Structure formats: C-alpha cells, structure tokens
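Printed here is target_2.cif (mmCIF, N, CA and C atoms; chains and numbers go by the auth columns):
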```
data_start
loop_
_atom_site.group_PDB
_atom_site.id
_atom_site.type_symbol
_atom_site.label_atom_id
_atom_site.label_comp_id
_atom_site.label_asym_id
_atom_site.label_seq_id
_atom_site.Cartn_x
_atom_site.Cartn_y
_atom_site.Cartn_z
_atom_site.B_iso_or_equiv
_atom_site.auth_seq_id
_atom_site.auth_asym_id
ATOM 1 N N MET A 1 0.026 4.916 -19.448 0.00 14 R
ATOM 2 C CA MET A 1 -0.117 4.863 -18.007 0.00 14 R
ATOM 3 C C MET A 1 0.894 3.854 -17.454 0.00 14 R
ATOM 4 N N THR A 2 1.529 4.229 -16.380 0.00 15 R
ATOM 5 C CA THR A 2 2.475 3.363 -15.683 0.00 15 R
ATOM 6 C C THR A 2 1.748 2.614 -14.586 0.00 15 R
ATOM 7 N N ARG A 3 2.012 1.320 -14.480 0.00 16 R
ATOM 8 C CA ARG A 3 1.457 0.503 -13.404 0.00 16 R
ATOM 9 C C ARG A 3 2.588 0.159 -12.457 0.00 16 R
ATOM 10 N N LEU A 4 2.364 0.378 -11.176 0.00 17 R
ATOM 11 C CA LEU A 4 3.389 0.141 -10.168 0.00 17 R
ATOM 12 C C LEU A 4 2.832 -0.779 -9.104 0.00 17 R
ATOM 13 N N VAL A 5 3.543 -1.876 -8.841 0.00 18 R
ATOM 14 C CA VAL A 5 3.152 -2.805 -7.790 0.00 18 R
ATOM 15 C C VAL A 5 3.952 -2.471 -6.541 0.00 18 R
ATOM 16 N N ILE A 6 3.245 -2.283 -5.434 0.00 19 R
ATOM 17 C CA ILE A 6 3.873 -1.976 -4.150 0.00 19 R
ATOM 18 C C ILE A 6 3.565 -3.125 -3.208 0.00 19 R
ATOM 19 N N GLY A 7 4.611 -3.718 -2.653 0.00 20 R
ATOM 20 C CA GLY A 7 4.449 -4.825 -1.719 0.00 20 R
ATOM 21 C C GLY A 7 4.813 -4.398 -0.312 0.00 20 R
ATOM 22 N N VAL A 8 3.966 -4.773 0.633 0.00 21 R
ATOM 23 C CA VAL A 8 4.240 -4.489 2.053 0.00 21 R
ATOM 24 C C VAL A 8 4.316 -5.838 2.757 0.00 21 R
ATOM 25 N N THR A 9 5.472 -6.093 3.354 0.00 22 R
ATOM 26 C CA THR A 9 5.686 -7.353 4.061 0.00 22 R
ATOM 27 C C THR A 9 5.807 -7.077 5.551 0.00 22 R
ATOM 28 N N GLY A 10 6.218 -8.057 6.300 0.00 23 R
ATOM 29 C CA GLY A 10 6.340 -7.913 7.742 0.00 23 R
ATOM 30 C C GLY A 10 7.573 -7.155 8.187 0.00 23 R
ATOM 31 N N ALA A 11 8.431 -6.781 7.256 0.00 24 R
ATOM 32 C CA ALA A 11 9.635 -6.038 7.615 0.00 24 R
ATOM 33 C C ALA A 11 9.284 -4.620 8.052 0.00 24 R
ATOM 34 N N SER A 12 10.069 -4.096 8.968 0.00 25 R
ATOM 35 C CA SER A 12 9.874 -2.696 9.346 0.00 25 R
ATOM 36 C C SER A 12 10.081 -1.836 8.108 0.00 25 R
ATOM 37 N N GLY A 13 9.415 -0.735 8.056 0.00 26 R
ATOM 38 C CA GLY A 13 9.536 0.152 6.909 0.00 26 R
ATOM 39 C C GLY A 13 8.260 0.257 6.103 0.00 26 R
ATOM 40 N N SER A 14 7.176 -0.302 6.616 0.00 27 R
ATOM 41 C CA SER A 14 5.914 -0.223 5.882 0.00 27 R
ATOM 42 C C SER A 14 5.480 1.226 5.681 0.00 27 R
ATOM 43 N N ILE A 15 5.928 2.110 6.544 0.00 28 R
ATOM 44 C CA ILE A 15 5.564 3.524 6.421 0.00 28 R
ATOM 45 C C ILE A 15 6.078 4.103 5.103 0.00 28 R
ATOM 46 N N TYR A 16 7.188 3.566 4.579 0.00 29 R
ATOM 47 C CA TYR A 16 7.706 4.049 3.294 0.00 29 R
ATOM 48 C C TYR A 16 6.775 3.660 2.148 0.00 29 R
ATOM 49 N N GLY A 17 6.236 2.464 2.200 0.00 30 R
ATOM 50 C CA GLY A 17 5.260 2.047 1.201 0.00 30 R
ATOM 51 C C GLY A 17 3.990 2.867 1.276 0.00 30 R
ATOM 52 N N ILE A 18 3.574 3.151 2.507 0.00 31 R
ATOM 53 C CA ILE A 18 2.367 3.969 2.708 0.00 31 R
ATOM 54 C C ILE A 18 2.591 5.372 2.154 0.00 31 R
ATOM 55 N N ARG A 19 3.739 5.937 2.451 0.00 32 R
ATOM 56 C CA ARG A 19 4.029 7.294 1.973 0.00 32 R
ATOM 57 C C ARG A 19 4.098 7.330 0.453 0.00 32 R
ATOM 58 N N LEU A 20 4.673 6.300 -0.151 0.00 33 R
ATOM 59 C CA LEU A 20 4.722 6.224 -1.608 0.00 33 R
ATOM 60 C C LEU A 20 3.318 6.194 -2.188 0.00 33 R
ATOM 61 N N LEU A 21 2.434 5.405 -1.591 0.00 34 R
ATOM 62 C CA LEU A 21 1.043 5.363 -2.043 0.00 34 R
ATOM 63 C C LEU A 21 0.379 6.733 -1.919 0.00 34 R
ATOM 64 N N GLU A 22 0.661 7.442 -0.831 0.00 35 R
ATOM 65 C CA GLU A 22 0.080 8.782 -0.648 0.00 35 R
ATOM 66 C C GLU A 22 0.540 9.732 -1.741 0.00 35 R
ATOM 67 N N VAL A 23 1.821 9.697 -2.045 0.00 36 R
ATOM 68 C CA VAL A 23 2.374 10.597 -3.062 0.00 36 R
ATOM 69 C C VAL A 23 1.823 10.253 -4.447 0.00 36 R
ATOM 70 N N LEU A 24 1.767 8.964 -4.753 0.00 37 R
ATOM 71 C CA LEU A 24 1.313 8.546 -6.083 0.00 37 R
ATOM 72 C C LEU A 24 -0.190 8.649 -6.259 0.00 37 R
ATOM 73 N N ARG A 25 -0.928 8.728 -5.162 0.00 38 R
ATOM 74 C CA ARG A 25 -2.392 8.799 -5.253 0.00 38 R
ATOM 75 C C ARG A 25 -2.837 9.999 -6.086 0.00 38 R
ATOM 76 N N GLY A 26 -2.088 11.074 -6.019 0.00 39 R
ATOM 77 C CA GLY A 26 -2.449 12.281 -6.754 0.00 39 R
ATOM 78 C C GLY A 26 -1.981 12.294 -8.202 0.00 39 R
ATOM 79 N N SER A 27 -1.244 11.274 -8.607 0.00 40 R
ATOM 80 C CA SER A 27 -0.708 11.235 -9.970 0.00 40 R
ATOM 81 C C SER A 27 -1.701 10.570 -10.918 0.00 40 R
ATOM 82 N N VAL A 28 -1.962 11.220 -12.023 0.00 41 R
ATOM 83 C CA VAL A 28 -2.878 10.641 -13.011 0.00 41 R
ATOM 84 C C VAL A 28 -2.147 9.675 -13.947 0.00 41 R
ATOM 85 N N ASP A 29 -0.815 9.684 -13.896 0.00 42 R
ATOM 86 C CA ASP A 29 -0.018 8.857 -14.793 0.00 42 R
ATOM 87 C C ASP A 29 0.384 7.511 -14.198 0.00 42 R
ATOM 88 N N VAL A 30 0.101 7.296 -12.906 0.00 43 R
ATOM 89 C CA VAL A 30 0.533 6.068 -12.250 0.00 43 R
ATOM 90 C C VAL A 30 -0.670 5.361 -11.626 0.00 43 R
ATOM 91 N N GLN A 31 -0.800 4.082 -11.965 0.00 44 R
ATOM 92 C CA GLN A 31 -1.839 3.240 -11.384 0.00 44 R
ATOM 93 C C GLN A 31 -1.145 2.312 -10.383 0.00 44 R
ATOM 94 N N THR A 32 -1.582 2.338 -9.122 0.00 45 R
ATOM 95 C CA THR A 32 -0.914 1.553 -8.087 0.00 45 R
ATOM 96 C C THR A 32 -1.665 0.251 -7.800 0.00 45 R
ATOM 97 N N HIS A 33 -0.892 -0.802 -7.617 0.00 46 R
ATOM 98 C CA HIS A 33 -1.390 -2.128 -7.272 0.00 46 R
ATOM 99 C C HIS A 33 -0.704 -2.513 -5.965 0.00 46 R
ATOM 100 N N LEU A 34 -1.483 -2.835 -4.954 0.00 47 R
ATOM 101 C CA LEU A 34 -0.947 -3.085 -3.614 0.00 47 R
ATOM 102 C C LEU A 34 -1.113 -4.542 -3.218 0.00 47 R
ATOM 103 N N VAL A 35 -0.017 -5.121 -2.727 0.00 48 R
ATOM 104 C CA VAL A 35 -0.025 -6.470 -2.183 0.00 48 R
ATOM 105 C C VAL A 35 0.480 -6.371 -0.744 0.00 48 R
ATOM 106 N N ILE A 36 -0.321 -6.845 0.205 0.00 49 R
ATOM 107 C CA ILE A 36 0.074 -6.821 1.620 0.00 49 R
ATOM 108 C C ILE A 36 -0.005 -8.239 2.156 0.00 49 R
ATOM 109 N N SER A 37 1.097 -8.724 2.706 0.00 50 R
ATOM 110 C CA SER A 37 1.094 -10.049 3.326 0.00 50 R
ATOM 111 C C SER A 37 0.413 -9.959 4.692 0.00 50 R
ATOM 112 N N ALA A 38 0.101 -11.115 5.278 0.00 51 R
ATOM 113 C CA ALA A 38 -0.501 -11.134 6.618 0.00 51 R
ATOM 114 C C ALA A 38 0.432 -10.475 7.626 0.00 51 R
ATOM 115 N N ALA A 39 1.720 -10.754 7.515 0.00 52 R
ATOM 116 C CA ALA A 39 2.696 -10.129 8.413 0.00 52 R
ATOM 117 C C ALA A 39 2.764 -8.623 8.160 0.00 52 R
ATOM 118 N N GLY A 40 2.594 -8.217 6.906 0.00 53 R
ATOM 119 C CA GLY A 40 2.578 -6.791 6.574 0.00 53 R
ATOM 120 C C GLY A 40 1.404 -6.073 7.214 0.00 53 R
ATOM 121 N N LYS A 41 0.267 -6.750 7.246 0.00 54 R
ATOM 122 C CA LYS A 41 -0.914 -6.152 7.903 0.00 54 R
ATOM 123 C C LYS A 41 -0.660 -5.948 9.386 0.00 54 R
ATOM 124 N N ARG A 42 -0.023 -6.918 10.017 0.00 55 R
ATOM 125 C CA ARG A 42 0.308 -6.773 11.450 0.00 55 R
ATOM 126 C C ARG A 42 1.283 -5.620 11.659 0.00 55 R
ATOM 127 N N THR A 43 2.266 -5.516 10.784 0.00 56 R
ATOM 128 C CA THR A 43 3.262 -4.448 10.913 0.00 56 R
ATOM 129 C C THR A 43 2.622 -3.076 10.758 0.00 56 R
ATOM 130 N N ILE A 44 1.709 -2.935 9.813 0.00 57 R
ATOM 131 C CA ILE A 44 1.021 -1.652 9.630 0.00 57 R
ATOM 132 C C ILE A 44 0.310 -1.245 10.915 0.00 57 R
ATOM 133 N N VAL A 45 -0.411 -2.167 11.501 0.00 58 R
ATOM 134 C CA VAL A 45 -1.183 -1.866 12.712 0.00 58 R
ATOM 135 C C VAL A 45 -0.263 -1.560 13.893 0.00 58 R
ATOM 136 N N GLU A 46 0.825 -2.319 14.020 0.00 59 R
ATOM 137 C CA GLU A 46 1.713 -2.163 15.168 0.00 59 R
ATOM 138 C C GLU A 46 2.666 -0.980 15.058 0.00 59 R
ATOM 139 N N GLU A 47 3.063 -0.616 13.841 0.00 60 R
ATOM 140 C CA GLU A 47 4.105 0.393 13.688 0.00 60 R
ATOM 141 C C GLU A 47 3.628 1.729 13.135 0.00 60 R
ATOM 142 N N THR A 48 2.356 1.819 12.742 0.00 61 R
ATOM 143 C CA THR A 48 1.863 3.086 12.190 0.00 61 R
ATOM 144 C C THR A 48 0.529 3.438 12.828 0.00 61 R
ATOM 145 N N SER A 49 0.054 4.605 12.507 0.00 62 R
ATOM 146 C CA SER A 49 -1.266 5.030 12.994 0.00 62 R
ATOM 147 C C SER A 49 -2.359 4.728 11.960 0.00 62 R
ATOM 148 N N TYR A 50 -2.009 4.013 10.908 0.00 63 R
ATOM 149 C CA TYR A 50 -2.951 3.664 9.843 0.00 63 R
ATOM 150 C C TYR A 50 -3.610 2.322 10.125 0.00 63 R
ATOM 151 N N SER A 51 -4.829 2.164 9.645 0.00 64 R
ATOM 152 C CA SER A 51 -5.454 0.843 9.632 0.00 64 R
ATOM 153 C C SER A 51 -5.139 0.209 8.282 0.00 64 R
ATOM 154 N N VAL A 52 -5.292 -1.091 8.183 0.00 65 R
ATOM 155 C CA VAL A 52 -5.059 -1.779 6.918 0.00 65 R
ATOM 156 C C VAL A 52 -6.028 -1.248 5.858 0.00 65 R
ATOM 157 N N ALA A 53 -7.258 -1.016 6.247 0.00 66 R
ATOM 158 C CA ALA A 53 -8.256 -0.485 5.303 0.00 66 R
ATOM 159 C C ALA A 53 -7.846 0.890 4.782 0.00 66 R
ATOM 160 N N ASP A 54 -7.265 1.725 5.645 0.00 67 R
ATOM 161 C CA ASP A 54 -6.792 3.046 5.211 0.00 67 R
ATOM 162 C C ASP A 54 -5.718 2.910 4.140 0.00 67 R
ATOM 163 N N VAL A 55 -4.787 1.993 4.358 0.00 68 R
ATOM 164 C CA VAL A 55 -3.690 1.795 3.406 0.00 68 R
ATOM 165 C C VAL A 55 -4.229 1.223 2.102 0.00 68 R
ATOM 166 N N GLU A 56 -5.105 0.245 2.190 0.00 69 R
ATOM 167 C CA GLU A 56 -5.676 -0.344 0.983 0.00 69 R
ATOM 168 C C GLU A 56 -6.437 0.691 0.162 0.00 69 R
ATOM 169 N N ALA A 57 -7.064 1.635 0.817 0.00 70 R
ATOM 170 C CA ALA A 57 -7.835 2.671 0.120 0.00 70 R
ATOM 171 C C ALA A 57 -6.936 3.619 -0.681 0.00 70 R
ATOM 172 N N LEU A 58 -5.658 3.669 -0.365 0.00 71 R
ATOM 173 C CA LEU A 58 -4.735 4.541 -1.084 0.00 71 R
ATOM 174 C C LEU A 58 -4.373 3.993 -2.466 0.00 71 R
ATOM 175 N N ALA A 59 -4.520 2.696 -2.658 0.00 72 R
ATOM 176 C CA ALA A 59 -4.144 2.057 -3.923 0.00 72 R
ATOM 177 C C ALA A 59 -5.339 1.982 -4.866 0.00 72 R
ATOM 178 N N HIS A 60 -5.041 1.964 -6.144 0.00 73 R
ATOM 179 C CA HIS A 60 -6.099 1.798 -7.139 0.00 73 R
ATOM 180 C C HIS A 60 -6.628 0.367 -7.138 0.00 73 R
ATOM 181 N N HIS A 61 -5.716 -0.592 -6.935 0.00 74 R
ATOM 182 C CA HIS A 61 -6.083 -2.007 -6.902 0.00 74 R
ATOM 183 C C HIS A 61 -5.349 -2.656 -5.735 0.00 74 R
ATOM 184 N N ARG A 62 -5.979 -3.636 -5.106 0.00 75 R
ATOM 185 C CA ARG A 62 -5.314 -4.353 -4.017 0.00 75 R
ATOM 186 C C ARG A 62 -5.552 -5.840 -4.193 0.00 75 R
ATOM 187 N N TYR A 63 -4.606 -6.605 -3.678 0.00 76 R
ATOM 188 C CA TYR A 63 -4.655 -8.054 -3.827 0.00 76 R
ATOM 189 C C TYR A 63 -4.386 -8.696 -2.472 0.00 76 R
ATOM 190 N N ASP A 64 -5.179 -9.709 -2.122 0.00 77 R
ATOM 191 C CA ASP A 64 -4.985 -10.433 -0.878 0.00 77 R
ATOM 192 C C ASP A 64 -3.982 -11.565 -1.087 0.00 77 R
ATOM 193 N N VAL A 65 -3.155 -11.766 -0.103 0.00 78 R
ATOM 194 C CA VAL A 65 -2.209 -12.875 -0.105 0.00 78 R
ATOM 195 C C VAL A 65 -2.722 -13.888 0.907 0.00 78 R
ATOM 196 N N PRO A 66 -3.027 -15.097 0.464 0.00 79 R
ATOM 197 C CA PRO A 66 -3.553 -16.103 1.401 0.00 79 R
ATOM 198 C C PRO A 66 -2.507 -16.572 2.395 0.00 79 R
#
```

Mind turning this structure into structure tokens?
Amino acid sequence: MTRLVIGVTGASGSIYGIRLLEVLRGSVDVQTHLVISAAGKRTIVEETSYSVADVEALAHHRYDVP
C-alpha cells in the first residue's frame, strides 16, 4: 500500500489538493494523509464550495496543525 501525504496551505490552489483527494479516494492502493494549516482552512472556505469537514472526510487520516 502506498501512503501519500497531501498538504493544503494558505496558497491559492487548494482545489487541486481537494481534487487529488477525490480521485484517490476510490483507489484501494493509496492511503491518504491530510495536513491542513489554519490558513489552508480559510482558503478552502473562501475559494471553494467545500467545507473543511468535507475535505477532511475525503482523506483516510487527517492531522491538525496547531
């Protein structure tokens, strides 16, 4: 099994990370680990139609950044 860490920061482009999570969600060979910074959470809400909880639900594992 492949483990992939996906990081979402405050930079524009969080939609690419979200789309990657959507595509990999259906793969049985890839386990996704998601790290979202506080600025990344703001960017998701401001630049996409997703909630942070929606994005976190796409990953197998998620980690909070203090």

message: Can you pull out the residues contacting region 53-67 of chain R? Cut-off 6.5 Å, using all atoms listed in the file, and skip same-chain residues under 2 positions away; I want them as a PyMOL selection string.
response: chain R and resi 21-24+27+49-51+69-71

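Shortest atom-to-atom contact with Met14 (chain R) among R:Asp42, R:Gly30, R:Ala52, R:Tyr76: R:Asp42, counting only C-alpha atoms.
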
message: I'd like to know which residues of chain R are strand (DSSP E) (by DSSP, run on the backbone); could you write them as a PyMOL selection string?
response: chain R and resi 15-21+43-49+74-77

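The interatomic distance for the pair CA of Pro79 (chain R) and CA of Gly39 (chain R) works out to 29.6 Å.
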
task: Translate the PyMOL selection byres ((chain R and resi 44) around 5), as applied to the file shown, into an explicit residue set as a ChimeraX atom specification.
output: /R:15-17,42-43,45-46

Nearest-residue call for Arg75 (chain R), choices R:Leu33, R:Val48, R:Ile19, R:Val41, using all atoms listed in the file: R:Val48

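Put simply, CA of His74 (chain R) is 5.1 Å away from atom N of Leu47 (chain R).
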
Point-to-point distance from atom N of Ser40 (chain R) to atom N of Gly26 (chain R), Å rounded to tenths: 23.1 Å

Fix up region 46-57 of chain R with N, CA, C and O atoms, then write it as an mmCIF file, in the coordinates of the input.
```
data_model
loop_
_atom_site.group_PDB
_atom_site.id
_atom_site.type_symbol
_atom_site.label_atom_id
_atom_site.label_comp_id
_atom_site.auth_asym_id
_atom_site.auth_seq_id
_atom_site.Cartn_x
_atom_site.Cartn_y
_atom_site.Cartn_z
ATOM 1 N N HIS R 46 -0.892 -0.802 -7.617
ATOM 2 C CA HIS R 46 -1.390 -2.128 -7.272
ATOM 3 C C HIS R 46 -0.704 -2.513 -5.965
ATOM 4 O O HIS R 46 0.525 -2.520 -5.894
ATOM 5 N N LEU R 47 -1.483 -2.835 -4.954
ATOM 6 C CA LEU R 47 -0.947 -3.085 -3.614
ATOM 7 C C LEU R 47 -1.113 -4.542 -3.218
ATOM 8 O O LEU R 47 -2.200 -5.110 -3.342
ATOM 9 N N VAL R 48 -0.017 -5.121 -2.727
ATOM 10 C CA VAL R 48 -0.025 -6.470 -2.183
ATOM 11 C C VAL R 48 0.480 -6.371 -0.744
ATOM 12 O O VAL R 48 1.569 -5.834 -0.511
ATOM 13 N N ILE R 49 -0.321 -6.845 0.205
ATOM 14 C CA ILE R 49 0.074 -6.821 1.620
ATOM 15 C C ILE R 49 -0.005 -8.239 2.156
ATOM 16 O O ILE R 49 -1.056 -8.874 2.095
ATOM 17 N N SER R 50 1.097 -8.724 2.706
ATOM 18 C CA SER R 50 1.094 -10.049 3.326
ATOM 19 C C SER R 50 0.413 -9.959 4.692
ATOM 20 O O SER R 50 0.194 -8.857 5.225
ATOM 21 N N ALA R 51 0.101 -11.115 5.278
ATOM 22 C CA ALA R 51 -0.501 -11.134 6.618
ATOM 23 C C ALA R 51 0.432 -10.475 7.626
ATOM 24 O O ALA R 51 -0.004 -9.697 8.486
ATOM 25 N N ALA R 52 1.720 -10.754 7.515
ATOM 26 C CA ALA R 52 2.696 -10.129 8.413
ATOM 27 C C ALA R 52 2.764 -8.623 8.160
ATOM 28 O O ALA R 52 2.945 -7.827 9.094
ATOM 29 N N GLY R 53 2.594 -8.217 6.906
ATOM 30 C CA GLY R 53 2.578 -6.791 6.574
ATOM 31 C C GLY R 53 1.404 -6.073 7.214
ATOM 32 O O GLY R 53 1.528 -4.940 7.681
ATOM 33 N N LYS R 54 0.267 -6.750 7.246
ATOM 34 C CA LYS R 54 -0.914 -6.152 7.903
ATOM 35 C C LYS R 54 -0.660 -5.948 9.386
ATOM 36 O O LYS R 54 -1.023 -4.911 9.948
ATOM 37 N N ARG R 55 -0.023 -6.918 10.017
ATOM 38 C CA ARG R 55 0.308 -6.773 11.450
ATOM 39 C C ARG R 55 1.283 -5.620 11.659
ATOM 40 O O ARG R 55 1.143 -4.842 12.601
ATOM 41 N N THR R 56 2.266 -5.516 10.784
ATOM 42 C CA THR R 56 3.262 -4.448 10.913
ATOM 43 C C THR R 56 2.622 -3.076 10.758
ATOM 44 O O THR R 56 2.954 -2.144 11.500
ATOM 45 N N ILE R 57 1.709 -2.935 9.813
ATOM 46 C CA ILE R 57 1.021 -1.652 9.630
ATOM 47 C C ILE R 57 0.310 -1.245 10.915
ATOM 48 O O ILE R 57 0.428 -0.105 11.371
#
```
